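As structure tokens, the structure follows; a few thoughts come after it.
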Amino acid sequence: MKQGIVLGIILTSALTLLYAIHVGMFQSTSAEYTTVKLPDVVDYNFHIKPILSDNCYTCHGPDANKRKAGLRLDLEAAALSELPESPGKFAIVPGKTAQSLLYQHIMADDPEQRMPPPESNLTLTLHEKRLLAKWIDQGAKFDRHWAYIPPKKGALPNNTSSAWEQNEIDAFILAKMEANGLVPSKKASKETLLRRLSLDLTGLPPTAEQIQKFLTPIGDTLDIAQVINEFLAMPQYGERMAQVWLDVARYADSHGYQDDSYRTMWPWRDWVIHAFNRNMPYDEFITLQLAGDLLPNATLEQVLATGFNRNHPITQEGGVIQEEYQSYYVTDRTNTLGKGILGITLECAKCHDHKYDAFSQRDYFEMYAFFNNVNEKGLQMDAVQAANQKYFADAPFITITDKETADVLSFINKPKGKDVKVMVMDEAMPRPTFIFDRGQYDALGEEVVPATPEAILPFPESYPKNRLGLAQWVSSTDNPLTARVFVNRTWAMLFGKGLVETAEDFGVQGSLPTHPELLDWLSKDFMEHDWDIQYLLRKIMSSATYQQSSIATEEIKLADPENNFYTRASRFRMSGEMIRDYVLATSGLLNQTIGGESVSPYQPEGLWEETNAGGNRGVLTSYVQDEGDKLYRRSLYTIWKRTLPPPTMTLFDAPNRDICEVRRQKTNTPLQALALQNDVQMLEAARVLAQYILLENKNENDVVRYAFQKIMIRNPKKEELEVLEGYYQDALQTFLNNPENAEKLIAQGAYQLPRTDPSKTAALMLTAQVIYNLDETITKE
């Protein structure tokens, strides 16, 4: 007995001594001890939960089927309870680190006792172990996941260099800078700011009239408020915002799957542009898309908005099992709500309880139930292609005729005389919903009714248990996710990445916000201002943070290499759509018609033929290039075939739109450079720009300068102009000596202008092509 007591005292003393060493009570020569300082107060959400999530939740998290030793660490009550397999033992004893089995196991030398176990290939760093120890010592305080706590407007930081601040955003940004010994960069030039604002709000470079209006006044400053107002009032603003939303909404012009034939959903795209241009509040914007058809006395426009829910792939293969594909469609709608609007990986709970977030499989199918009442078949065909009307008898379509274009749907750019059918939602087929065993559509388990995850926000009894009730829940000011997710995605659109980098995942495995207080303040402010999207954009763009130069000192780059502290403006390549639109606009080719059917611009021959299934449905089995000004519509309107999206857009990381995407990949490949150098659209634009300059500019010594100004929205530096002038003169001499090569080069593209000197045209065309291929041209500075 005495021997056991003595052994226990020795063991406890040893662990206490070891703990004391690890929290820094003893000096050590280890670099980890001396260079990584522990915070004064260890925060559960920002210090502890990421460690537990990455290393422990697989075996000790929400998934009951994978849980080991009866230990659950994601819930406070469970984590602090007596271990069911070790009576009298506790994984965590608040304030008593040495007595906590969690600490004993993470510090164990014996591989049989160490956690995480060696076979998991996971290891804790010394700093992580010290954090866990200090957290337990400080009372092991738990908290709800940060993203599920409703945002609050905290007090603004009081900074020593507050003269730099232009609004509340800057106060939060500057506080982080000062805490890390950093300072902001200088303000960007007015030329850079005008181009930046134009790209961010219209997706296009400023027009010649806007350049004249805003850049000619004497002085180095730009009237930011006036510029923002002008761009927001342009119809191109709606196109810019719609381009981003189409990825979220997985918009396409084809059904997907093997046959992948045409579908008519472009009137819904026209509605999205219209909604942004009339500055529809975001809560209304998502309510109409989720449940516009369920509003009292729903208008045709409100029903049309629900096409959002029908944008998913739909099969047309004759041998499919109807129930199987119906389940795919409902699954898609459920997943899109989770990822695109709530910023959660809800789909991970379809086959089993979520392994990291507090979502059960039951939670998943209760959300699924909201979308499971649509009168649709697993096999669907567009009315235009369907050989047999039975394929879509009773299916939820609306028909838009000339009368509705001219009346309630006047914003739709519909050709006269065409009878257009668009897929929408209805509640005409109430059906029971069951939990699918392992996610299999034909393995029905317990029946469930529509409900929402308690971890986020309980579903109020006063809300109807249908999509309208779901929309009310999503757009409630009590919902902790909806405003945060949209504010973060707007920030990412402007800065290249969100305050939460994983814009699609605000869950436990997602990134932590770099500036949580700022994200909360902006989200709450957004809701307080009636979910006004243009108000949000004005607020961000009016900040000194947004208006910084992207050119930073070497010291700042070293101290903040990823620009996590926003010590400078973020500099990143534009999307493929924006690059093409930029080239069309600066060359004078861009057709600025708003809305309408999708178009077929230049594309390499034979691509669709190589990927079609050999069917006879016809519409999308071969690519028929458009003619005339349809070739030069904005990229937003380029026809989108799911099995083969526009190839140049794909090279620049556009998704195929099979599923909801909120964050495009950012790759850098040789194919991108080759496309910019050789694509017929690029060559034609350079040729047209060269011809316009030669037709309009009588001073031949100034043609290179003019081309540079037109493309770059600034004057060339002396050394830039010298290099380009030299290139132009060399090219001109080459073509004068070989006029047949000039003729071949300027034959690129279908657009015709009055003939100009072939050699001069070819030489200036190549010079413009060089400028179009500059990094600065395709980058938002």
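Convention: chains lettered A, B, ... in structure tokens order; per-chain residue numbering from 1; ligands numbered from 1 as shown.
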
Those of stretch 223-408 of chain A in DSSP helix (DSSP H, G or I), formatted as a ChimeraX atom specification: /A:224-232,235-248,266-277,282-294,300-310,322-342,346-349,361-371,389-392,402-406

Point-to-point distance from atom CA of A:Asp137 to atom CA of A:Thr97, Å rounded to tenths: 5.6 Å

Residues near A:Gln534, anyone? I mean within 8 Å using only C-alpha atoms, not counting same-chain ones fewer than 4 positions away, as a list of chain:residue names.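 Residues near the query, excluding close chain neighbours: A:Leu232, A:Asn279, A:Arg538.
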
Would you save the residues of that selection, restricted to C-alpha atoms, as a PDB file, in the first residue's frame?
```pdb
ATOM      1  CA  LEU A 232     -21.942  50.715 -59.466  1.00  0.00           C
ATOM      2  CA  ASN A 279     -29.010  46.100 -55.759  1.00  0.00           C
ATOM      3  CA  ARG A 538     -18.342  50.901 -50.738  1.00  0.00           C
TER       4      ARG A 538
END
```

Could you give me, as a ChimeraX atom specification, the residues within 10 Å of stretch 103-114 of chain A, counting only C-alpha atoms and dropping anything in the same chain fewer than 6 positions from it? /A:15,18-19,91-93,96-97,123-124,126,128-130,132-133,136

So which residues touch A:Lys152 within 7 Å, counting only C-alpha atoms, skipping near sequence neighbours fewer than 5 positions away, as a list in words?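 The neighbour list is Asp520, Trp521 and Lys524 of chain A.
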
Would you save the residues of that selection, restricted to all heavy atoms, as a PDB file, in the first residue's frame?
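Contents of selection16.pdb, as written:
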```
ATOM      1  N   ASP A 520     -16.310  39.781 -37.973  1.00  0.00           N
ATOM      2  CA  ASP A 520     -17.545  39.926 -37.206  1.00  0.00           C
ATOM      3  C   ASP A 520     -18.141  41.323 -37.365  1.00  0.00           C
ATOM      4  O   ASP A 520     -19.349  41.485 -37.544  1.00  0.00           O
ATOM      5  CB  ASP A 520     -17.271  39.638 -35.727  1.00  0.00           C
ATOM      6  CG  ASP A 520     -17.338  38.163 -35.405  1.00  0.00           C
ATOM      7  OD1 ASP A 520     -17.334  37.351 -36.347  1.00  0.00           O
ATOM      8  OD2 ASP A 520     -17.400  37.808 -34.221  1.00  0.00           O
ATOM      9  N   TRP A 521     -17.281  42.342 -37.289  1.00  0.00           N
ATOM     10  CA  TRP A 521     -17.757  43.721 -37.380  1.00  0.00           C
ATOM     11  C   TRP A 521     -18.401  43.966 -38.738  1.00  0.00           C
ATOM     12  O   TRP A 521     -19.499  44.528 -38.832  1.00  0.00           O
ATOM     13  CB  TRP A 521     -16.589  44.691 -37.166  1.00  0.00           C
ATOM     14  CG  TRP A 521     -17.030  46.105 -36.913  1.00  0.00           C
ATOM     15  CD1 TRP A 521     -17.206  46.724 -35.725  1.00  0.00           C
ATOM     16  CD2 TRP A 521     -17.390  47.076 -37.938  1.00  0.00           C
ATOM     17  NE1 TRP A 521     -17.652  48.019 -35.928  1.00  0.00           N
ATOM     18  CE2 TRP A 521     -17.776  48.263 -37.253  1.00  0.00           C
ATOM     19  CE3 TRP A 521     -17.422  47.058 -39.322  1.00  0.00           C
ATOM     20  CZ2 TRP A 521     -18.180  49.416 -37.934  1.00  0.00           C
ATOM     21  CZ3 TRP A 521     -17.856  48.196 -40.009  1.00  0.00           C
ATOM     22  CH2 TRP A 521     -18.215  49.358 -39.321  1.00  0.00           C
ATOM     23  N   LYS A 524     -21.822  41.966 -39.053  1.00  0.00           N
ATOM     24  CA  LYS A 524     -22.898  42.603 -38.294  1.00  0.00           C
ATOM     25  C   LYS A 524     -23.306  43.919 -38.955  1.00  0.00           C
ATOM     26  O   LYS A 524     -24.501  44.228 -39.086  1.00  0.00           O
ATOM     27  CB  LYS A 524     -22.428  42.852 -36.862  1.00  0.00           C
ATOM     28  CG  LYS A 524     -23.526  43.303 -35.904  1.00  0.00           C
ATOM     29  CD  LYS A 524     -24.508  42.183 -35.629  1.00  0.00           C
ATOM     30  CE  LYS A 524     -25.525  42.585 -34.570  1.00  0.00           C
ATOM     31  NZ  LYS A 524     -26.547  41.531 -34.357  1.00  0.00           N
TER      32      LYS A 524
END
```

Given only C-alpha atoms as the counted atoms, nearest of A:Glu700, A:Asp757, A:Glu597, A:Glu119 to A:Ile639: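 Using only C-alpha atoms, the shortest distance to A:Ile639 belongs to A:Glu597.
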
Under the rule that only C-alpha atoms are counted, which of A:Lys414, A:Lys421, A:His145, A:Arg195 is the nearest residue to A:Phe506?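 Looking at the shortest contact to A:Phe506, the residue is A:His145.
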
Identify which of the residues A:Pro646, A:Pro754, A:Pro118, A:Gly319 lies closest to A:Gly378, counting only C-alpha atoms when measuring atom-to-atom distances.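 For A:Gly378, the nearest of the candidates is A:Gly319.
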
Find the residues around A:Gln625 up to 7 Å (only C-alpha atoms counted), leave out those fewer than 2 positions away in its own chain, and share them as number ranges by chain. A: 600-602, 623, 627

Once you have the residues from the selection above, write them out as a short mmCIF file (atom, residue, chain, number, x, y, z; two decimals), in the first residue's frame, restricted to N, CA and C atoms.
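Written file, out.cif:
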```
data_model
loop_
_atom_site.label_atom_id
_atom_site.label_comp_id
_atom_site.auth_asym_id
_atom_site.auth_seq_id
_atom_site.Cartn_x
_atom_site.Cartn_y
_atom_site.Cartn_z
N SER A 600 -21.38 31.24 -78.99
CA SER A 600 -20.29 30.31 -79.30
C SER A 600 -19.15 31.05 -79.98
N PRO A 601 -18.21 31.59 -79.22
CA PRO A 601 -17.08 32.29 -79.84
C PRO A 601 -16.03 31.29 -80.34
N TYR A 602 -14.84 31.80 -80.68
CA TYR A 602 -13.79 30.93 -81.20
C TYR A 602 -13.48 29.79 -80.23
N TYR A 623 -19.75 21.66 -82.38
CA TYR A 623 -19.66 23.08 -82.03
C TYR A 623 -19.84 23.92 -83.29
N GLU A 627 -21.28 34.00 -85.57
CA GLU A 627 -20.74 34.97 -86.51
C GLU A 627 -21.04 36.38 -86.03
#
```

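Closest to A:Val703 among A:Lys37, A:Lys760, A:Lys718, A:Lys641 is A:Lys760, based on only C-alpha atoms.
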
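Closest approach to A:Tyr148 among A:Thr331, A:Thr482, A:Gln212, A:Gln166: A:Thr482, based on only C-alpha atoms.
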
With distances taken over only C-alpha atoms, which of A:Asp658, A:Glu446, A:Glu427, A:Asp402 is nearest to A:Asp260? A:Asp658

Would you pick out the contacts of A:Ser327 at 9 Å or less, using only C-alpha atoms, so that residues sharing its chain but fewer than 4 positions from it are not included, and give the list as a PyMOL selection string? chain A and resi 322-323+331-332+372+378+441

Could you save those same residues with N, CA and C atoms as a tab-separated table (two decimals), in the first residue's frame?
```
chain	number	residue	atom	x	y	z
A	322	GLN	N	-34.75	5.77	-61.82
A	322	GLN	CA	-35.29	7.09	-61.52
A	322	GLN	C	-35.01	7.53	-60.09
A	323	GLU	N	-35.24	6.64	-59.13
A	323	GLU	CA	-35.08	7.00	-57.72
A	323	GLU	C	-33.64	7.35	-57.39
A	331	THR	N	-29.57	15.71	-53.34
A	331	THR	CA	-28.26	15.80	-52.69
A	331	THR	C	-27.50	17.04	-53.17
A	332	ASP	N	-27.53	17.28	-54.46
A	332	ASP	CA	-26.84	18.45	-55.01
A	332	ASP	C	-27.37	19.74	-54.43
A	372	ASN	N	-36.84	17.88	-51.08
A	372	ASN	CA	-37.22	16.57	-51.60
A	372	ASN	C	-38.65	16.50	-52.11
A	378	GLY	N	-36.04	11.19	-62.34
A	378	GLY	CA	-34.60	11.01	-62.40
A	378	GLY	C	-34.06	11.25	-63.80
A	441	TYR	N	-29.21	5.28	-51.75
A	441	TYR	CA	-30.59	5.72	-51.98
A	441	TYR	C	-31.62	4.62	-51.72
```
